[in-house]
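Engineer: Below is one structure. I have some questions about it.
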Amino acid sequence: MLVQAEANAVKRWDLGQSNRSFIAARSWKQAGHVDTLLKEANAILLGIKWLLEMQVRLVEIENDSLVVIRYLTSHDCLVSSLGHLIDDIKSLSANFRVVLFKHVLGREINRHIT
């Protein structure tokens, strides 16, 4: 299963099927300036929680934030709000049988939408 997470949406497409299906989206407003990296990480976290609820065990997460993907695939430790989100994502991801985090360009994500 391929899941793409962006700052305001979580989408799912079943691999191997010609018909893409839109599963869920969430958009929210936050007061003040909110870091884009926090939004990207939060979207991934929401997607992972949803996938666990749906009992999906094989997952590929695509995101256009190279920074977030690098932190998710490294052993670096961040002491920040982003670091806490990254830790939560890594912790929950341990429940999947297979999980891949992949960086894609924004236009690659958008090709699935049209």
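Please note that chains go A, B, ... in the order of the structure tokens, that every chain numbers its residues from 1, and that ligands are numbered from 1 in the order shown.
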Show me, as a compact mmCIF listing (two decimals) with N, CA and C atoms, in the first residue's frame, the residues that have an atom within 7 Å of Leu100 of chain A when counting only C-alpha atoms, minus same-chain residues fewer than 6 positions from it.

Structural biologist:
```txt
# COMPACT_ATOMS: atom_id res chain seq x y z
N VAL A 59 3.61 -0.89 4.34
CA VAL A 59 3.34 0.50 4.03
C VAL A 59 4.54 1.17 3.37
N GLU A 60 4.25 2.03 2.41
CA GLU A 60 5.25 2.93 1.85
C GLU A 60 4.73 4.35 2.02
N ILE A 61 5.49 5.16 2.73
CA ILE A 61 5.10 6.54 2.98
C ILE A 61 5.94 7.43 2.07
```

Engineer: DSSP says strand (DSSP E) for which residues of segment 31-75 of chain A? Put them as a PyMOL selection string?

Structural biologist: chain A and resi 58-63

Engineer: Limited to C-alpha atoms, could you put the picked residues into a file as a PDB file, in the first residue's frame?

Structural biologist:
```
ATOM      1  CA  LEU A  58       2.929  -3.214   4.669  1.00  0.00           C
ATOM      2  CA  VAL A  59       3.336   0.502   4.026  1.00  0.00           C
ATOM      3  CA  GLU A  60       5.254   2.930   1.849  1.00  0.00           C
ATOM      4  CA  ILE A  61       5.104   6.542   2.977  1.00  0.00           C
ATOM      5  CA  GLU A  62       5.958   9.221   0.415  1.00  0.00           C
ATOM      6  CA  ASN A  63       6.560  12.836   1.343  1.00  0.00           C
TER       7      ASN A  63
END
```

Engineer: If I take atom CA of Cys77 of chain A and atom CA of Arg57 of chain A, how far is one from the other in Å, to one decimal?

Structural biologist: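 Those two atoms sit 25.7 Å apart.
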
Engineer: Leaving out Gln55 of chain A and any residue of its chain fewer than 4 positions from it, which residues lie within 10 Å of it when counting only C-alpha atoms, given as a ChimeraX atom specification?

Structural biologist: /A:49-51,95-96

Engineer: Please produce a file of those selected residues containing all heavy atoms, as a short mmCIF file (atom, residue, chain, number, x, y, z; two decimals), in the first residue's frame.

Structural biologist:
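Contents of part_16.cif, freshly written:
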```cif
data_model
loop_
_atom_site.label_atom_id
_atom_site.label_comp_id
_atom_site.auth_asym_id
_atom_site.auth_seq_id
_atom_site.Cartn_x
_atom_site.Cartn_y
_atom_site.Cartn_z
N LYS A 49 -1.22 6.62 12.14
CA LYS A 49 -2.26 6.23 13.10
C LYS A 49 -3.46 5.63 12.39
O LYS A 49 -4.02 4.62 12.83
CB LYS A 49 -2.69 7.44 13.94
CG LYS A 49 -1.64 7.87 14.94
CD LYS A 49 -2.11 9.09 15.72
CE LYS A 49 -1.08 9.51 16.76
NZ LYS A 49 -1.52 10.68 17.53
N TRP A 50 -3.86 6.24 11.27
CA TRP A 50 -4.99 5.73 10.51
C TRP A 50 -4.69 4.34 9.95
O TRP A 50 -5.52 3.44 10.01
CB TRP A 50 -5.33 6.71 9.39
CG TRP A 50 -6.43 6.22 8.50
CD1 TRP A 50 -7.76 6.23 8.77
CD2 TRP A 50 -6.28 5.63 7.22
NE1 TRP A 50 -8.45 5.70 7.72
CE2 TRP A 50 -7.56 5.31 6.76
CE3 TRP A 50 -5.19 5.34 6.43
CZ2 TRP A 50 -7.78 4.72 5.53
CZ3 TRP A 50 -5.40 4.75 5.20
CH2 TRP A 50 -6.69 4.44 4.76
N LEU A 51 -3.49 4.15 9.41
CA LEU A 51 -3.10 2.85 8.85
C LEU A 51 -3.10 1.76 9.92
O LEU A 51 -3.51 0.62 9.67
CB LEU A 51 -1.73 2.94 8.19
CG LEU A 51 -1.69 3.74 6.90
CD1 LEU A 51 -0.25 4.02 6.51
CD2 LEU A 51 -2.43 3.02 5.80
N ASN A 95 5.20 -0.95 14.62
CA ASN A 95 4.07 -1.87 14.59
C ASN A 95 3.78 -2.43 13.20
O ASN A 95 3.01 -3.37 13.06
CB ASN A 95 2.81 -1.18 15.11
CG ASN A 95 2.92 -0.85 16.57
OD1 ASN A 95 3.11 -1.72 17.41
ND2 ASN A 95 2.84 0.44 16.90
N PHE A 96 4.39 -1.86 12.17
CA PHE A 96 4.21 -2.36 10.81
C PHE A 96 5.18 -3.50 10.56
O PHE A 96 6.27 -3.53 11.11
CB PHE A 96 4.46 -1.26 9.77
CG PHE A 96 3.48 -0.13 9.82
CD1 PHE A 96 3.90 1.15 10.12
CD2 PHE A 96 2.13 -0.35 9.57
CE1 PHE A 96 3.01 2.21 10.16
CE2 PHE A 96 1.23 0.70 9.63
CZ PHE A 96 1.66 1.97 9.92
#
```

Engineer: Go ahead and compute the interatomic distance for atom CA of Ser91 of chain A and atom CA of Asp35 of chain A, in Å to one decimal.

Structural biologist: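 So the answer is 22.1 Å.
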
Engineer: When you draw a straight line from atom CA of Ala94 of chain A to atom CA of Leu52 of chain A, how long is it in Å?

Structural biologist: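 Computed distance, atom CA of Ala94 of chain A to atom CA of Leu52 of chain A, equals 10.6 Å.
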
Engineer: Applying 12 Å and only C-alpha atoms, which residues near Gly83 of chain A remain after dropping the ones on its own chain fewer than 2 positions away? List them as a list in words.

Structural biologist: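 The residues that qualify are Leu37, Leu38, Ala41, Asn42, Val67, Val68, Tyr71, Leu72, Ser74, His75, Asp76, Cys77, Leu78, Val79, Ser80, Ser81, Leu85, Ile86, Asp87, Asp88, Ile89 and Lys90 of chain A.
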
Engineer: Can you work out which one of A:Leu66, A:Ile48, A:Ala43, A:Leu105 has the shortest atom-to-atom distance to Leu92 of chain A, counting only C-alpha atoms?

Structural biologist: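 Looking at the shortest contact to Leu92 of chain A, the residue is A:Ile48.
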
Engineer: With distances taken over only C-alpha atoms, which residue among A:Leu82, A:Val98, A:Ser93, A:His103 lies nearest Gly47 of chain A?

Structural biologist: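 Of the candidates, the smallest distance to Gly47 of chain A is held by A:Ser93.
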
Engineer: To test your reading of the structure, identify every residue in segment 28-62 of chain A that backbone DSSP assigns to helix (DSSP H, G or I), and report it as a count of residues only.

Structural biologist: 18
